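*Asks:* To start, I am sharing the structure in question, which I have written as structure tokens.
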Amino acid sequence: MKLLVSGAAGFIGSTFVELRVREHGDDVTVLDALTYAGRQENLREVESDIRFVAGAIEDPDAVADAIGDAEAIVNFAAETHVDRSIADPFAFSVTNGQGTHVLLEAARERGLRYVQVSTDEVYGSIETGSFTETSPLQPSSPYSATKTGADLLVLSYYHTYGLETLVARGSNNYGPRQYPEKLIPLMILNAMAGDHLPVYGDGKNVRNWLYVEDFGRGIGHVLAHGKPGEVYNCGGPDECENIAVVQRILQLTGADDSLIEYVTDRLGHDRRYSLSSEKLAALGWRAQTRFADGLERTVAWYRDNAWWWEPIRSGAYREYYERHYGRSLKS
Ligand code: NAD
Ligand code: DAU
């Protein structure tokens with residue numbers, strides 16, 4: 001299949017492209033603005049098999065240049081970090097809102113199938129039980145609000161124009177190449193360096209962990225088998241309190257419990273996310289990786305791939321950490 005995959009220099013998109021090239025022989029063009037989170041190194045395993053276009057999804061000329069004779073668009077491009085959306089929300093409206101709209105127009109002009117990669121955060125927080133695709137949308141952060149707006153726009157293109165649009169909503173992903181601003185890679189790298197592990201609030205917020213390859217295959221499933229105009233949840237097999245995740249990372253890295261530091265809570269911090277994935281399971285998708293195994297693999301990957309994270313830890317990421325926590329990382 002000929003695909004335009006936007007935002008695939010990032011964590012999940014690069015995994016998706018690897019899977020599509022290796023397992024399906026797809027002909028892929030990647031469009032990515034290479035923000036702080038996007039790195040061409042993430043695509044190095046498939047660089048000779050794909051076409052790469054540097055550009056933003058909110059730029060119609062860049063989209064027209066990248067789209068070629070694609071049969072479908074899969075959109076991963078987004079501003080993705082909740083803490084950044086609290087500190088600096090406008091970039092989220094532009095990429096997540098306007099960018100999605102520009103891609104949808106390009107799909108409409110050419111009659112292309114369109115898959116929007118979305119998140120469990122659009123449903124907000126749930127104390128017990130799990131969200132289904134018909135649960136009310138109650139996003140809490142500027143990140144999740146802009147993702148929700150994008151989902152509604154995507155679905156409006158099905159209802160209004162009959163475009164084959166679909167939405168895949170994933171729970172918290174983890175795995176190789178995740179930018180170390182997110183909980184799991186941040187804690188792994190800090191533990192390996194002997195830096196403090198900043199746990200927000202009481203550490204009892206719960207996330208539903210999904211190994212990145214499982215989400216990549218879930219999105220592929222929606223692309224191939226999903227019904228236009230429909231939403232599919234894609235949740236992980238295990239949930240876990242943040243503090244338990246951090247303690248397990250300390251064990252796996254051999255670091256000391258005293259590195260844990262409870263810090264001021266995130267503003268508007270959602271307590272728990274949980275997705276029911278029965279609708280996608282009915283199409284034949286199942287998550288393959290349990291959290292205990294996936295976390296061990298992820299720690300091993302960061303241990304063995306310092307070439308990937310060293311430039312990040314020494315540069316932009318360090319400045320971000322200092323601004324966010326008001327103190328320096330130990331070097
Ligand atoms: P990421 O931050 O690692 O990567 C985002 C990518 O988008 C980067 O390559 C970046 O350069 C690119 N990008 C940003 N703005 C752009 C723009 N204006 N034009 C073109 N490219 C742009 O993100 P990720 O964690 O891989 O998430 C990918 C998608 O999956 C996002 O849409 C996110 O909302 C969704 N999602 C993420 C998770 C998770 O746990 N990480 C879970 C569910 C859904
Ligand atoms: O649920 C899916 C979402 O998961 C995606 O849509 C987002 O793009 C992705 O960033 C992620 O959002 P979260 O806010 O859940 O992930 P994050 O890794 O930022 O935080 C996970 C939990 O850990 C959350 O409860 C906040 C907490 N946390 C996070 C960081 C970075 C800490 O306690 N300390 C930290 O330093």
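Ligands are numbered from 1 in the order shown, residues from 1 within each chain, and chains are lettered A, B, ... in the order they appear in the structure tokens.
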If you run DSSP on the backbone here, which positions in range 117-304 of chain A get helix (DSSP H, G or I)? Please write them as a PyMOL selection string.
*Replies:* chain A and resi 120-123+142-161+183-193+212-225+242-253+257-259+278-281+291-304
*Asks:* Using only C-alpha atoms and all ligand atoms, what are the residues with an atom within 7 Å of ligand 1, set out as an MDAnalysis selection string?
*Replies:* chainID A and resid 6:13 31:39 55:58 75:81 95 99 117:120 147 169:174 178:179
*Asks:* With distances taken over only C-alpha atoms and all ligand atoms, which residue among A:Gly284, A:Gly203, A:Gly235, A:Gly254 lies nearest ligand 2?
*Replies:*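 Counting only C-alpha atoms and all ligand atoms, the residue closest to ligand 2 is A:Gly203.
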*Asks:* With only C-alpha atoms and all ligand atoms as the atoms that count, which of A:Phe215, A:Tyr200, A:Trp307, A:Tyr262 lies nearest to ligand 2?
*Replies:* A:Tyr200
*Asks:* Name all residues at most 8 Å from Phe16 in chain A (count only C-alpha atoms; drop same-chain ones fewer than 2 positions away) and give them as a PyMOL selection string.
*Replies:* chain A and resi 8+12-14+18-20+213+216-217+220
*Asks:* Name each residue within 8 Å of ligand 2, counting only C-alpha atoms and all ligand atoms, as a PDB file with N, CA and C atoms, in the first residue's frame.
*Replies:*
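Listing of out-v2.pdb after writing:
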```
ATOM      1  N   GLU A  79       1.946  17.732  18.795  1.00  0.00           N
ATOM      2  CA  GLU A  79       2.629  18.077  20.046  1.00  0.00           C
ATOM      3  C   GLU A  79       2.031  17.127  21.067  1.00  0.00           C
ATOM      4  N   THR A  80       2.888  16.414  21.826  1.00  0.00           N
ATOM      5  CA  THR A  80       2.372  15.260  22.581  1.00  0.00           C
ATOM      6  C   THR A  80       2.585  15.318  24.089  1.00  0.00           C
ATOM      7  N   HIS A  81       3.324  16.299  24.594  1.00  0.00           N
ATOM      8  CA  HIS A  81       3.658  16.226  26.022  1.00  0.00           C
ATOM      9  C   HIS A  81       2.728  17.123  26.853  1.00  0.00           C
ATOM     10  N   VAL A  82       2.008  16.501  27.772  1.00  0.00           N
ATOM     11  CA  VAL A  82       1.001  17.217  28.575  1.00  0.00           C
ATOM     12  C   VAL A  82       1.639  18.391  29.330  1.00  0.00           C
ATOM     13  N   ASP A  83       2.811  18.180  29.939  1.00  0.00           N
ATOM     14  CA  ASP A  83       3.447  19.269  30.704  1.00  0.00           C
ATOM     15  C   ASP A  83       3.766  20.467  29.808  1.00  0.00           C
ATOM     16  N   SER A 118      -4.920   8.901  17.797  1.00  0.00           N
ATOM     17  CA  SER A 118      -5.401   9.693  18.924  1.00  0.00           C
ATOM     18  C   SER A 118      -5.122   8.971  20.248  1.00  0.00           C
ATOM     19  N   THR A 119      -5.746   9.468  21.294  1.00  0.00           N
ATOM     20  CA  THR A 119      -5.310   9.097  22.647  1.00  0.00           C
ATOM     21  C   THR A 119      -6.486   8.833  23.584  1.00  0.00           C
ATOM     22  N   ASP A 120      -6.240   8.016  24.611  1.00  0.00           N
ATOM     23  CA  ASP A 120      -7.262   7.781  25.643  1.00  0.00           C
ATOM     24  C   ASP A 120      -7.573   9.047  26.436  1.00  0.00           C
ATOM     25  N   GLU A 121      -6.664  10.041  26.367  1.00  0.00           N
ATOM     26  CA  GLU A 121      -6.852  11.251  27.185  1.00  0.00           C
ATOM     27  C   GLU A 121      -8.071  12.061  26.755  1.00  0.00           C
ATOM     28  N   TYR A 143      -3.370  19.763  25.782  1.00  0.00           N
ATOM     29  CA  TYR A 143      -3.004  18.661  24.864  1.00  0.00           C
ATOM     30  C   TYR A 143      -4.241  17.847  24.502  1.00  0.00           C
ATOM     31  N   SER A 144      -4.928  17.333  25.523  1.00  0.00           N
ATOM     32  CA  SER A 144      -6.033  16.413  25.204  1.00  0.00           C
ATOM     33  C   SER A 144      -7.208  17.151  24.571  1.00  0.00           C
ATOM     34  N   GLY A 170      -5.081   5.354  21.438  1.00  0.00           N
ATOM     35  CA  GLY A 170      -4.185   4.493  22.202  1.00  0.00           C
ATOM     36  C   GLY A 170      -4.063   4.919  23.654  1.00  0.00           C
ATOM     37  N   SER A 171      -3.693   3.949  24.503  1.00  0.00           N
ATOM     38  CA  SER A 171      -3.365   4.286  25.892  1.00  0.00           C
ATOM     39  C   SER A 171      -1.871   4.603  25.974  1.00  0.00           C
ATOM     40  N   ASN A 172      -1.320   4.774  27.186  1.00  0.00           N
ATOM     41  CA  ASN A 172       0.077   5.202  27.335  1.00  0.00           C
ATOM     42  C   ASN A 172       1.053   4.213  26.708  1.00  0.00           C
ATOM     43  N   ASN A 173       1.800   4.690  25.714  1.00  0.00           N
ATOM     44  CA  ASN A 173       2.807   3.848  25.060  1.00  0.00           C
ATOM     45  C   ASN A 173       4.147   3.940  25.785  1.00  0.00           C
ATOM     46  N   GLU A 181      11.227  12.960  28.033  1.00  0.00           N
ATOM     47  CA  GLU A 181      10.428  13.900  28.822  1.00  0.00           C
ATOM     48  C   GLU A 181       9.254  13.121  29.423  1.00  0.00           C
ATOM     49  N   LYS A 182       8.969  11.917  28.872  1.00  0.00           N
ATOM     50  CA  LYS A 182       7.840  11.099  29.313  1.00  0.00           C
ATOM     51  C   LYS A 182       8.305  10.199  30.468  1.00  0.00           C
ATOM     52  N   LEU A 183       7.345   9.768  31.288  1.00  0.00           N
ATOM     53  CA  LEU A 183       7.668   9.103  32.557  1.00  0.00           C
ATOM     54  C   LEU A 183       8.730   7.998  32.442  1.00  0.00           C
ATOM     55  N   ILE A 184       8.471   7.001  31.600  1.00  0.00           N
ATOM     56  CA  ILE A 184       9.341   5.807  31.629  1.00  0.00           C
ATOM     57  C   ILE A 184      10.770   6.100  31.163  1.00  0.00           C
ATOM     58  N   LEU A 186      12.312   8.959  31.061  1.00  0.00           N
ATOM     59  CA  LEU A 186      12.915   9.920  31.994  1.00  0.00           C
ATOM     60  C   LEU A 186      13.433   9.206  33.238  1.00  0.00           C
ATOM     61  N   MET A 187      12.602   8.312  33.778  1.00  0.00           N
ATOM     62  CA  MET A 187      12.999   7.622  35.012  1.00  0.00           C
ATOM     63  C   MET A 187      14.152   6.652  34.750  1.00  0.00           C
ATOM     64  N   LEU A 197      14.471  11.085  40.786  1.00  0.00           N
ATOM     65  CA  LEU A 197      13.320  10.652  39.988  1.00  0.00           C
ATOM     66  C   LEU A 197      12.106  11.446  40.468  1.00  0.00           C
ATOM     67  N   PRO A 198      11.684  12.469  39.697  1.00  0.00           N
ATOM     68  CA  PRO A 198      10.614  13.358  40.161  1.00  0.00           C
ATOM     69  C   PRO A 198       9.227  12.735  39.994  1.00  0.00           C
ATOM     70  N   VAL A 199       8.607  12.341  41.092  1.00  0.00           N
ATOM     71  CA  VAL A 199       7.265  11.732  41.045  1.00  0.00           C
ATOM     72  C   VAL A 199       6.239  12.817  41.391  1.00  0.00           C
ATOM     73  N   TYR A 200       5.286  13.016  40.494  1.00  0.00           N
ATOM     74  CA  TYR A 200       4.293  14.079  40.716  1.00  0.00           C
ATOM     75  C   TYR A 200       3.278  13.652  41.778  1.00  0.00           C
ATOM     76  N   GLY A 201       2.921  14.603  42.661  1.00  0.00           N
ATOM     77  CA  GLY A 201       1.840  14.370  43.631  1.00  0.00           C
ATOM     78  C   GLY A 201       2.148  13.179  44.529  1.00  0.00           C
ATOM     79  N   GLY A 203       1.999  10.029  43.547  1.00  0.00           N
ATOM     80  CA  GLY A 203       2.529   8.903  42.762  1.00  0.00           C
ATOM     81  C   GLY A 203       1.508   7.803  42.517  1.00  0.00           C
ATOM     82  N   LYS A 204       0.241   8.077  42.871  1.00  0.00           N
ATOM     83  CA  LYS A 204      -0.747   7.001  42.741  1.00  0.00           C
ATOM     84  C   LYS A 204      -1.628   7.140  41.499  1.00  0.00           C
ATOM     85  N   ASN A 205      -1.255   8.033  40.592  1.00  0.00           N
ATOM     86  CA  ASN A 205      -1.995   8.108  39.315  1.00  0.00           C
ATOM     87  C   ASN A 205      -1.737   6.819  38.551  1.00  0.00           C
ATOM     88  N   VAL A 206      -2.762   6.383  37.827  1.00  0.00           N
ATOM     89  CA  VAL A 206      -2.687   5.074  37.155  1.00  0.00           C
ATOM     90  C   VAL A 206      -2.722   5.268  35.638  1.00  0.00           C
ATOM     91  N   ARG A 207      -1.826   4.554  34.947  1.00  0.00           N
ATOM     92  CA  ARG A 207      -1.822   4.571  33.481  1.00  0.00           C
ATOM     93  C   ARG A 207      -1.917   3.127  32.981  1.00  0.00           C
ATOM     94  N   ASN A 208      -2.444   3.000  31.775  1.00  0.00           N
ATOM     95  CA  ASN A 208      -2.749   1.718  31.127  1.00  0.00           C
ATOM     96  C   ASN A 208      -1.672   1.520  30.042  1.00  0.00           C
ATOM     97  N   ASN A 242       1.944   5.037  39.064  1.00  0.00           N
ATOM     98  CA  ASN A 242       3.255   5.588  38.682  1.00  0.00           C
ATOM     99  C   ASN A 242       4.363   5.152  39.637  1.00  0.00           C
ATOM    100  N   ILE A 243       4.074   5.164  40.940  1.00  0.00           N
ATOM    101  CA  ILE A 243       5.134   4.860  41.899  1.00  0.00           C
ATOM    102  C   ILE A 243       5.624   3.405  41.729  1.00  0.00           C
ATOM    103  N   ASP A 265       2.550  18.496  42.142  1.00  0.00           N
ATOM    104  CA  ASP A 265       1.744  17.766  41.164  1.00  0.00           C
ATOM    105  C   ASP A 265       1.557  18.583  39.878  1.00  0.00           C
ATOM    106  N   ARG A 266       1.332  17.872  38.782  1.00  0.00           N
ATOM    107  CA  ARG A 266       0.960  18.489  37.499  1.00  0.00           C
ATOM    108  C   ARG A 266      -0.391  19.188  37.665  1.00  0.00           C
ATOM    109  N   HIS A 269      -3.998  17.251  36.914  1.00  0.00           N
ATOM    110  CA  HIS A 269      -3.478  15.898  36.663  1.00  0.00           C
ATOM    111  C   HIS A 269      -4.588  14.836  36.650  1.00  0.00           C
ATOM    112  N   ASP A 270      -4.781  14.155  35.526  1.00  0.00           N
ATOM    113  CA  ASP A 270      -5.776  13.077  35.446  1.00  0.00           C
ATOM    114  C   ASP A 270      -5.344  11.908  36.329  1.00  0.00           C
ATOM    115  N   ARG A 271      -6.296  11.339  37.091  1.00  0.00           N
ATOM    116  CA  ARG A 271      -5.960  10.297  38.059  1.00  0.00           C
ATOM    117  C   ARG A 271      -5.723   8.940  37.397  1.00  0.00           C
ATOM    118  N   ARG A 272      -6.643   8.563  36.540  1.00  0.00           N
ATOM    119  CA  ARG A 272      -6.520   7.205  35.958  1.00  0.00           C
ATOM    120  C   ARG A 272      -7.076   7.197  34.536  1.00  0.00           C
ATOM    121  N   TYR A 273      -6.401   6.480  33.665  1.00  0.00           N
ATOM    122  CA  TYR A 273      -6.927   6.222  32.315  1.00  0.00           C
ATOM    123  C   TYR A 273      -7.152   4.723  32.185  1.00  0.00           C
TER     124      TYR A 273
END
```
